[in-house]
$ cat input_15.tsv   # TSV, C-alpha atoms
chain	number	residue	atom	x	y	z
A	1	GLU	CA	-26.01	2.61	14.92
A	2	GLY	CA	-23.16	2.88	12.45
A	3	LYS	CA	-19.66	4.06	11.66
A	4	GLY	CA	-17.85	6.89	9.90
A	5	PHE	CA	-17.49	10.61	10.60
A	6	THR	CA	-17.46	11.87	7.01
A	7	GLN	CA	-20.08	11.49	4.32
A	8	LYS	CA	-17.69	9.41	2.21
A	9	TYR	CA	-17.28	6.70	4.86
A	10	LEU	CA	-20.60	7.05	6.64
A	11	LYS	CA	-22.58	3.83	7.01
A	12	THR	CA	-25.38	3.90	9.53
A	13	ASN	CA	-28.75	2.40	10.37
A	14	PHE	CA	-31.46	4.11	12.36
A	15	SER	CA	-34.82	3.18	13.83
A	16	GLY	CA	-37.10	4.76	16.34
A	17	ARG	CA	-40.49	6.12	17.31
A	18	ILE	CA	-41.43	9.81	17.31
A	19	ALA	CA	-44.22	10.56	19.77
A	20	LYS	CA	-44.99	14.07	18.46
A	21	MET	CA	-43.84	16.17	15.51
A	22	ARG	CA	-45.24	19.56	14.52
A	23	TYR	CA	-45.57	20.52	10.87
A	24	ASN	CA	-47.82	23.07	9.16
A	25	ASN	CA	-49.36	24.00	12.54
A	26	TYR	CA	-50.41	20.40	13.22
A	27	ASN	CA	-48.99	17.95	15.78
A	28	TYR	CA	-48.46	14.53	14.18
A	29	SER	CA	-48.30	11.53	16.51
A	30	ASN	CA	-47.29	7.84	16.44
A	31	ILE	CA	-44.51	7.96	13.84
A	32	VAL	CA	-42.20	4.95	13.34
A	33	ILE	CA	-39.05	5.31	11.21
A	34	ASN	CA	-36.51	2.78	9.92
A	35	GLY	CA	-33.72	3.39	7.47
A	36	ASN	CA	-30.08	3.30	6.49
A	37	PHE	CA	-27.57	5.54	4.77
A	38	LYS	CA	-24.52	4.38	2.88
A	39	LYS	CA	-23.30	6.87	0.33
A	40	PRO	CA	-24.67	7.40	-2.25
A	41	PHE	CA	-27.95	5.76	-1.17
A	42	PHE	CA	-30.42	6.70	1.51
A	43	GLU	CA	-33.27	4.26	2.13
A	44	GLY	CA	-36.03	4.68	4.64
A	45	LYS	CA	-39.50	3.66	5.74
A	46	ILE	CA	-42.00	5.75	7.67
A	47	ALA	CA	-45.26	4.57	9.19
A	48	ILE	CA	-47.69	7.13	10.62
A	49	ASN	CA	-50.75	6.12	12.62
A	50	ASP	CA	-52.14	9.52	13.50
A	51	PRO	CA	-55.87	10.17	14.08
A	52	ASN	CA	-55.89	12.28	10.89
A	53	LEU	CA	-53.21	10.52	8.80
A	54	VAL	CA	-52.58	6.80	8.30
A	55	LEU	CA	-49.58	6.41	6.00
A	56	ASP	CA	-46.94	3.86	4.97
A	57	PHE	CA	-44.00	5.39	3.12
A	58	ASP	CA	-41.03	3.64	1.50
A	59	GLY	CA	-38.39	5.73	-0.23
A	60	THR	CA	-34.90	5.76	-1.75
A	61	VAL	CA	-32.68	8.73	-2.60
A	62	ASP	CA	-29.69	8.20	-4.93
A	63	LEU	CA	-27.01	10.88	-4.41
A	64	SER	CA	-24.47	9.43	-6.87
A	65	ASN	CA	-25.01	12.16	-9.49
A	66	TYR	CA	-25.37	15.94	-9.41
A	67	LYS	CA	-29.10	15.54	-10.00
A	68	LYS	CA	-30.57	13.30	-7.32
A	69	ARG	CA	-32.94	10.42	-8.02
A	70	TYR	CA	-35.99	10.00	-5.79
A	71	ILE	CA	-38.03	6.80	-5.73
A	72	PHE	CA	-40.97	7.02	-3.33
A	73	ASP	CA	-43.96	4.76	-2.72
A	74	ALA	CA	-46.66	5.96	-0.32
A	75	LYS	CA	-49.85	4.15	0.68
A	76	ILE	CA	-52.27	6.64	2.21
A	77	ASP	CA	-55.08	4.79	3.97
A	78	PHE	CA	-56.60	7.99	5.33
A	79	ALA	CA	-55.74	11.70	5.27
A	80	ASP	CA	-57.95	14.47	6.63
A	81	LEU	CA	-56.54	17.39	4.65
A	82	ASN	CA	-58.64	19.92	6.53
A	83	LYS	CA	-57.43	18.94	9.99
A	84	LEU	CA	-53.85	18.67	8.66
A	85	ASN	CA	-54.23	22.32	7.54
A	86	PHE	CA	-53.69	21.68	3.83
A	87	VAL	CA	-57.26	22.47	2.68
A	88	LYS	CA	-59.79	24.88	4.16
A	89	ASP	CA	-62.92	22.87	3.31
A	90	SER	CA	-64.69	21.57	6.42
A	91	VAL	CA	-64.61	18.06	4.91
A	92	SER	CA	-61.57	17.11	2.83
A	93	LYS	CA	-60.48	13.47	3.02
A	94	PHE	CA	-58.11	11.62	0.68
A	95	VAL	CA	-57.21	7.96	0.18
A	96	GLY	CA	-54.80	6.62	-2.43
A	97	ASN	CA	-51.44	5.25	-3.50
A	98	VAL	CA	-48.71	7.60	-4.71
A	99	ARG	CA	-45.59	6.50	-6.61
A	100	ILE	CA	-42.81	8.91	-7.57
A	101	ASN	CA	-39.74	8.13	-9.69
A	102	VAL	CA	-37.99	11.36	-10.64
A	103	VAL	CA	-34.54	12.85	-11.15
A	104	GLY	CA	-33.77	16.47	-10.28
A	105	ASN	CA	-32.88	19.01	-7.63
A	106	SER	CA	-36.12	21.01	-7.65
A	107	ILE	CA	-39.64	20.95	-9.07
A	108	ASP	CA	-38.41	23.13	-11.96
A	109	ASP	CA	-35.90	20.61	-13.31
A	110	PHE	CA	-37.33	17.21	-12.37
A	111	VAL	CA	-37.66	14.50	-15.01
A	112	GLY	CA	-39.72	11.35	-14.48
A	113	ASN	CA	-43.13	10.04	-13.52
A	114	ILE	CA	-45.68	10.60	-10.75
A	115	ASN	CA	-48.53	8.08	-10.47
A	116	ILE	CA	-51.61	8.07	-8.24
A	117	ASP	CA	-54.04	5.15	-8.23
A	118	GLN	CA	-56.92	3.66	-6.25
A	119	SER	CA	-57.67	7.11	-4.94
A	120	SER	CA	-60.77	8.83	-3.64
A	121	TYR	CA	-61.57	12.31	-2.35
A	122	GLN	CA	-64.46	13.29	-0.09
A	123	ASN	CA	-65.79	16.80	0.50
A	124	THR	CA	-69.06	18.20	1.82
A	125	LYS	CA	-70.80	17.48	-1.46
A	126	ASN	CA	-69.81	13.95	-2.40
A	127	THR	CA	-67.17	11.20	-2.49
A	128	TYR	CA	-65.23	11.02	-5.76
A	129	ASN	CA	-63.37	7.91	-6.91
A	130	PHE	CA	-60.63	8.27	-9.50
A	131	GLU	CA	-58.88	5.93	-11.90
A	132	ASP	CA	-55.13	6.11	-12.48
A	133	PHE	CA	-53.51	9.54	-12.66
A	134	GLU	CA	-50.10	9.87	-14.33
A	135	MET	CA	-47.88	12.91	-14.82
A	136	LYS	CA	-44.67	12.79	-16.89
A	137	SER	CA	-42.00	15.47	-17.18
A	138	SER	CA	-39.25	15.61	-19.82
A	139	PHE	CA	-36.93	18.13	-21.52
A	140	ASP	CA	-35.64	18.32	-25.10
A	141	SER	CA	-32.18	19.43	-26.27
A	142	GLN	CA	-33.28	23.08	-26.15
A	143	ASN	CA	-34.34	22.71	-22.51
A	144	VAL	CA	-38.01	23.01	-23.45
A	145	ARG	CA	-40.17	21.07	-21.03
A	146	THR	CA	-43.09	18.79	-21.86
A	147	LEU	CA	-45.39	18.11	-18.93
A	148	SER	CA	-48.03	15.53	-19.85
A	149	ILE	CA	-50.99	14.54	-17.68
A	150	ASN	CA	-53.09	11.46	-18.30
A	151	SER	CA	-56.22	10.65	-16.34
A	152	THR	CA	-59.42	9.23	-17.80
A	153	ASP	CA	-61.69	11.14	-15.42
A	154	ILE	CA	-59.71	14.24	-14.33
A	155	ILE	CA	-57.73	15.84	-17.15
A	156	GLU	CA	-55.69	14.76	-20.17
A	157	GLY	CA	-53.20	16.78	-22.17
A	158	GLN	CA	-49.86	18.55	-21.95
A	159	ILE	CA	-47.98	21.79	-21.33
A	160	VAL	CA	-44.92	22.57	-23.45
A	161	GLY	CA	-42.54	25.46	-22.80
A	162	LYS	CA	-39.98	27.08	-20.52
A	163	PHE	CA	-41.49	28.10	-17.19
A	164	LYS	CA	-41.16	28.04	-13.43
A	165	PHE	CA	-43.93	26.30	-11.51
A	166	ALA	CA	-44.12	28.98	-8.82
A	167	GLN	CA	-44.83	31.65	-11.44
A	168	LEU	CA	-47.48	29.91	-13.55
A	169	VAL	CA	-50.39	31.54	-11.73
A	170	LYS	CA	-48.74	34.98	-11.90
A	171	MET	CA	-48.13	34.55	-15.64
A	172	LEU	CA	-51.78	33.64	-16.18
A	173	GLU	CA	-52.91	36.65	-14.13
A	174	ASN	CA	-50.64	38.94	-16.16
A	175	SER	CA	-51.88	37.55	-19.46
A	176	ILE	CA	-55.54	38.03	-18.62
A	177	GLY	CA	-54.92	41.28	-16.72
A	178	SER	CA	-53.15	42.80	-19.73
A	179	LEU	CA	-56.61	43.18	-21.31
A	180	TYR	CA	-57.29	45.97	-18.79
A	181	THR	CA	-55.53	49.32	-19.06
A	182	ASN	CA	-55.22	49.83	-15.28
A	183	TYR	CA	-53.75	46.39	-14.48
A	184	LYS	CA	-50.39	46.32	-12.67
A	185	PRO	CA	-48.58	43.09	-13.72
A	186	ASN	CA	-46.92	40.69	-11.29
A	187	PRO	CA	-43.10	40.64	-11.45
A	188	VAL	CA	-42.02	37.44	-13.24
A	189	VAL	CA	-38.81	36.12	-14.78
A	190	SER	CA	-38.51	37.07	-18.47
A	191	GLY	CA	-38.19	34.51	-21.25
A	192	GLN	CA	-40.93	32.19	-19.98
A	193	PHE	CA	-43.52	30.79	-22.37
A	194	LEU	CA	-45.83	27.82	-22.64
A	195	LYS	CA	-48.46	26.19	-24.83
A	196	PHE	CA	-51.22	24.05	-23.33
A	197	ASP	CA	-53.76	21.63	-24.76
A	198	PHE	CA	-56.16	19.77	-22.43
A	199	VAL	CA	-59.37	17.80	-22.26
A	200	ILE	CA	-61.09	18.51	-18.93
A	201	TYR	CA	-63.74	16.35	-17.25
A	202	ASN	CA	-66.57	17.46	-15.00
A	203	LYS	CA	-65.51	15.44	-11.96
A	204	ILE	CA	-62.47	17.59	-11.16
A	205	ILE	CA	-64.41	20.81	-11.87
A	206	ASP	CA	-67.12	19.64	-9.47
A	207	ILE	CA	-64.55	19.32	-6.66
A	208	PHE	CA	-62.89	22.72	-6.94
A	209	TYR	CA	-65.65	24.79	-8.55
A	210	PRO	CA	-68.97	23.14	-7.59
A	211	GLY	CA	-71.03	25.96	-9.13
A	212	ILE	CA	-69.64	25.31	-12.61
A	213	GLU	CA	-70.48	22.54	-15.08
A	214	ILE	CA	-68.76	21.88	-18.40
A	215	ALA	CA	-69.78	19.86	-21.42
A	216	THR	CA	-68.48	16.33	-21.94
A	217	ASN	CA	-64.97	16.23	-23.45
A	218	THR	CA	-64.44	19.98	-23.15
A	219	LYS	CA	-61.12	21.02	-24.74
A	220	ILE	CA	-59.03	24.03	-23.82
A	221	ASN	CA	-55.83	25.14	-25.51
A	222	GLY	CA	-53.73	28.26	-25.83
A	223	SER	CA	-50.38	29.88	-25.10
A	224	ILE	CA	-48.83	32.35	-22.64
A	225	ASN	CA	-45.70	34.49	-23.01
A	226	SER	CA	-44.18	36.27	-20.00
A	227	ASN	CA	-42.26	38.92	-21.98
A	228	ASP	CA	-45.29	40.65	-23.49
A	229	ASN	CA	-48.05	39.09	-21.34
A	230	GLU	CA	-49.75	37.61	-24.38
A	231	PHE	CA	-52.53	35.07	-23.85
$ encode --input "input_15.tsv" --output "structure tokens"
Amino acid sequence: EGKGFTQKYLKTNFSGRIAKMRYNNYNYSNIVINGNFKKPFFEGKIAINDPNLVLDFDGTVDLSNYKKRYIFDAKIDFADLNKLNFVKDSVSKFVGNVRINVVGNSIDDFVGNINIDQSSYQNTKNTYNFEDFEMKSSFDSQNVRTLSINSTDIIEGQIVGKFKFAQLVKMLENSIGSLYTNYKPNPVVSGQFLKFDFVIYNKIIDIFYPGIEIATNTKINGSINSNDNEF
């Protein structure tokens, strides 16, 4: 329900129920949406009561500037990540609150905060409860990014440099692989570099690498350069 045929004059409200929606090879059910759009703001609420996902989502998108602002608040009462085809573990269940307040057009230029609290994760081994998790992203005048992570029981520290998220794993593989004479490096964009400094806690290692244990307050730091594959 609304008026206007161009984005400049568009003012509309919408509400409805989606019986089925397929995403990532999974059919979501029982989705209720409510929202409105009046340039430059889009506001919406989504409630999902699916057998494998119970979610309340409230979000705002500000389109007034070239770089868009996203303010999202999601309360996840239950998410079976295995049945939703996000994780391959036979048991992978998540509960938590997620808050996002960022500005940007992609993951490579976003600035702002991501917070997760009152969260827990269950796998075949155990159920893990976590305190607050906060990630901040910022850039200096030279376009060097600082990505800081603060969690008292997962990981604390920061990454500083110029890099693309999608190529971080490839850069790490190249850096370590360069130690071997027969290694063929992954193609990556030149000019990327980063320095990292972290304290890692056993709880997160136990989830992803259950066969590995680390000492209390283990610290890891170093640097990677994409031009010469230094590590």
$ residues_around --input "input_15.tsv" --residues "Asn126 (chain A)" --least-positions-apart "5" --cutoff "10 Å" --atoms "all atoms listed in the file" --output "list in words"
Val91, Tyr121, Asp206 and Ile207 of chain A
$ residues_around --input "input_15.tsv" --residues "Asn229 (chain A)" --least-positions-apart "2" --cutoff "8 Å" --atoms "only C-alpha atoms" --output "list in words"
Met171, Asn174, Ser175, Ser178, Ile224, Asn225, Ser226, Asn227 and Phe231 of chain A
$ atom_distance --input "input_15.tsv" --atom1 "CA of Asn24 (chain A)" --atom2 "CA of Asp80 (chain A)"
13.5 Å
$ residues_around --input "input_15.tsv" --residues "region 39-51 of chain A" --least-positions-apart "6" --cutoff "12 Å" --atoms "only C-alpha atoms" --output "number ranges by chain"
A: 4, 6-21, 26-33, 57-66, 68-81, 83-84
$ closest_residue --input "input_15.tsv" --among "A:Lys136, A:Leu53, A:Asn217, A:Ile107" --to "Asn82 (chain A)" --atoms "all atoms listed in the file"
A:Leu53
$ atom_distance --input "input_15.tsv" --atom1 "CA of Ile204 (chain A)" --atom2 "CA of Tyr128 (chain A)"
8.9 Å
$ atom_distance --input "input_15.tsv" --atom1 "CA of Glu173 (chain A)" --atom2 "CA of Asn221 (chain A)"
16.4 Å
$ closest_residue --input "input_15.tsv" --among "A:Gln192, A:Ser138, A:Gln118, A:Ser106" --to "Gly161 (chain A)" --atoms "all atoms listed in the file"
A:Gln192
$ residues_around --input "input_15.tsv" --residues "Phe163 (chain A)" --least-positions-apart "5" --cutoff "9 Å" --atoms "all atoms listed in the file" --output "PyMOL selection string"
chain A and resi 108+144-145+168+189+191-194
$ closest_residue --input "input_15.tsv" --among "A:Asn36, A:Phe86, A:Leu147, A:Phe94" --to "Val54 (chain A)" --atoms "all atoms listed in the file"
A:Phe94
$ residues_around --input "input_15.tsv" --residues "Ser137 (chain A)" --least-positions-apart "2" --cutoff "9 Å" --atoms "all atoms listed in the file" --output "PyMOL selection string"
chain A and resi 102+109-114+135+139+145-148
$ write_last_selection --input "input_15.tsv" --atoms "C-alpha atoms" --output "mmCIF file, in the coordinates of the input"
data_model
loop_
_atom_site.group_PDB
_atom_site.id
_atom_site.type_symbol
_atom_site.label_atom_id
_atom_site.label_comp_id
_atom_site.auth_asym_id
_atom_site.auth_seq_id
_atom_site.Cartn_x
_atom_site.Cartn_y
_atom_site.Cartn_z
ATOM 1 C CA VAL A 102 -37.990 11.360 -10.640
ATOM 2 C CA ASP A 109 -35.900 20.610 -13.310
ATOM 3 C CA PHE A 110 -37.330 17.210 -12.370
ATOM 4 C CA VAL A 111 -37.660 14.500 -15.010
ATOM 5 C CA GLY A 112 -39.720 11.350 -14.480
ATOM 6 C CA ASN A 113 -43.130 10.040 -13.520
ATOM 7 C CA ILE A 114 -45.680 10.600 -10.750
ATOM 8 C CA MET A 135 -47.880 12.910 -14.820
ATOM 9 C CA PHE A 139 -36.930 18.130 -21.520
ATOM 10 C CA ARG A 145 -40.170 21.070 -21.030
ATOM 11 C CA THR A 146 -43.090 18.790 -21.860
ATOM 12 C CA LEU A 147 -45.390 18.110 -18.930
ATOM 13 C CA SER A 148 -48.030 15.530 -19.850
#
